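Each remark here refers to the structure printed beneath this line.
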Amino acid sequence: MPGALSRIHEVPDDLLAAIDYCYEQGWTDGLPVVPPAVDRVDAMRAADRRPAETVIATHPATGLELSLHAAAVNAVMAGCLPEHFPVLVAAFEAMNRPDFNFHGSTASTGGSAPLLVVSGPYADDIGMNADVNLFGPGNRANATIGRAVRLILRNVFQMLPGISDKSTQGNPGKYSFCIAERARGNPWPLLCETQGYPAGASSVTVFAGGGFCNIENHGGNTPEQILGSVADAMANYGCITLGQSVVILAPEHMRVVADAGWTREETQNFLFAHAKRTVEGMQGVGKYRDREYDKQHGEGAHALAEAGFVHRGLSPDDILITLGGGDAGGHSCFIPSWSRGRGSILQHAEIRKRS
Amino acid sequence: MQLYAPTSTTPKRKAFRAPALATIDGMRIGILENGKLNAEEMLNEVAQLFVQRNGCTVRTLASKSNASAPAPGNTLVTVAQEVDFLLTGLGD
Amino acid sequence: MVLCTEPFKVTAQNIARVLGLPDYPFLLVQHPIGSCTLPELKARAEIAYRQALPILLGN
């Protein structure tokens with residue numbers, strides 16, 4: 001159980017000097033932070049009235065705990081406003097579940113960053129972006145909520161680059177990786193609805209994202225053509241594993257799929273069936289493993305898993321797919337899971353206002 | 001200006017190492033492999049040197065299903081009762 | 001006995017410190033392990049064995 005409040009550092013009443021002080025203490029992600037002045041942290045804390053020492057996440061290997069207080073301090077540093085705080089809290093509640101494995105996904109050489117997908121009306125309430133430049137830059141809520149996640153991993157859980165974060169090449173998403181699901185023009189139920197939350201509720205989904213792959217297709221005009229290019233990206237030799245996937249379809253691509261009447265389930269089935277490589281191909285690049293093939297084709301195998309092939313993921317349900325981005329441009333994206341298998345499974349939690 | 005530290009306020013932990021062995025000869029070795037490529041093979045090679053040179057036995061073979069998660073508590077409790085020392089791996 | 005490869009030495013030391021054992025001794029071998037051939041694994045095992053002896057005996 002942590003103490004209620006962290007140590008107070010006395011610094012000269014000079015904003016630029018305070019920014020430098022935060023650098024000197026090793027509290028930043030390489031970019032300047034907002035100095036976590038006591039009054040700013042108190043204002044952030046007002047967004048969640050539970051006791052300051054309330055633990056919202058615990059590091060499974062070290063036992064270090066994230067309190068509401070510490071979350072508020074880092075949220076201020078990231079540049080968050082108090083109304084952003086409930087999203088951050090919900091994100092860590094979801095990341096705290098063992099199946100997400102926030103230690104492994106952060107410490108690994110694989111270099112993933114937690115992707116946050118906010119779904120439901122709260123995204124609009126706090127002015128999040130689900131549109132042009134979905135993944136940034138430019139929107140304060142998207143940028144600072146995602147940044148606060150990294151600052152917490154770093155400052156509270158001591159996941160420090162080179163020491164306890166051994167990512168071989170890092171990942172731009174480690175600065176911030178937070179989007180809103182686009183509701184406008186979405187032909188499918190929103191994630192928060194499919195996740196079973198009550199009407200009017202909002203959720204945040206967390207996913208250990210290993211990278212970002214732009215999928216360009218301006219000529220395809222059938223679902224098979226558009227999704228064929230998506231499936232190919234999902235199955236590229238550098239990405240294909242038994243891990244999960246996130247696919248964000250741009251409105252231009254979603255229009256092709258929706259106009260043909262494809263449901264989310266039909267789309268997931270198609271992607272799973274087509275995101276695959278032959279066993280010989282996987283052997284050729286040194287990525288074939290008997291135990292992984294057996295896991296995909298053994299007991300409980302999905303009906304669409306084709307013999308002689310290694311598919312991406314274990315089933316169509318391993319593919320989270322929804323709408324996001326600006327109205328113009330045939331550019332969707334695929335984000336692979338850090339995990340080569342079931343080492344990190346995406347999680348979601350309801351965003352609750354406790355002010 | 002007063003700034004809050006952004007770090008955890010969890011109290012520092014204290015732990016103790018197991019006492020040294022009086023002898024290695026005839027000791028029981030446990031292996032906890034972490035699921036990484038060649039982890040089991042590597043730890044086995046080390047264990048076999050103890051078997052050949054010190055007459056040790058390999059008493060327990062346990063696996064972590066997730067390389068980056070701590071071993072389940074019940075795994076460690078079980079293994080600790082059956083071996084004199086454990087071989088395991090960290091990282092890749 | 002915890003075996004790790006050289007790039008992970010600082011990681012191992014850090015976690016030992018956080019867990020309250022800052023001077024915990026590790027077996028340290030050349031990186032990587034995952035792509036090693038059997039002869040390479042055997043060579044690393046020999047090094048690990050020699051490091052382990054004084055640690056186990058408290059020398």
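Labels for the structure tokens follow display order: chains A, B, ..., residues from 1 in each chain, ligands from 1.
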
Need to verify the contact set: Val118 of chain A, 7 Å, only C-alpha atoms, exclusion of same-chain residues closer than 5 positions in sequence. Can you return it as a PyMOL selection string? chain A and resi 123+179-181+203-205

Extract, using only C-alpha atoms, all DNA, RNA and protein residues at most 6 Å from segment 227-236 of chain A, discarding same-chain residues fewer than 2 positions from it, and format them as a PDB file with C-alpha atoms, in the first residue's frame.
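File part38.pdb, as written:
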```
ATOM      1  CA  PRO A 223     -14.370  -5.508 -49.909  1.00  0.00           C
ATOM      2  CA  GLU A 224     -12.173  -8.351 -51.132  1.00  0.00           C
ATOM      3  CA  GLN A 225      -9.738  -5.942 -52.759  1.00  0.00           C
ATOM      4  CA  GLY A 238       8.025  -9.290 -40.132  1.00  0.00           C
ATOM      5  CA  CYS A 239       4.669  -9.182 -38.357  1.00  0.00           C
ATOM      6  CA  ILE A 240       2.975 -12.550 -38.651  1.00  0.00           C
ATOM      7  CA  LEU A 271      -9.089 -11.066 -42.660  1.00  0.00           C
ATOM      8  CA  HIS A 274      -6.521 -14.454 -45.757  1.00  0.00           C
ATOM      9  CA  ALA A 275      -3.809 -13.204 -43.370  1.00  0.00           C
ATOM     10  CA  LYS A 276      -1.667 -16.292 -43.633  1.00  0.00           C
TER      11      LYS A 276
END
```

Chain B contacts to chain C at 10 Å (only C-alpha atoms) as a count of residues only: 38

Among chain B, which ones does DSSP place in strand (DSSP E or B), written as a list in words?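 Matching residues, listed in order: Gln2, Leu3, Tyr4, Arg28, Ile29, Gly30, Ile31, Leu32, Glu33, Thr57, Val58, Arg59, Thr60, Leu61, Ala62, Ser63, Phe85, Leu86, Leu87, Thr88, Gly89 and Leu90 of chain B.
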
Kindly give the distance, in Å, that separates atom CA of Pro12 of chain A and atom CA of Leu31 of chain A, rounded to a single decimal.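 These two atoms are separated by 20.7 Å.
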
Looking only at alpha helix (DSSP H) from DSSP on the backbone, list the matching residues of segment 158-240 of chain A as JSON, numbers by chain. {"A": [191, 192, 193, 194, 223, 224, 225, 226, 227, 228, 229, 230, 231, 232, 233, 234]}
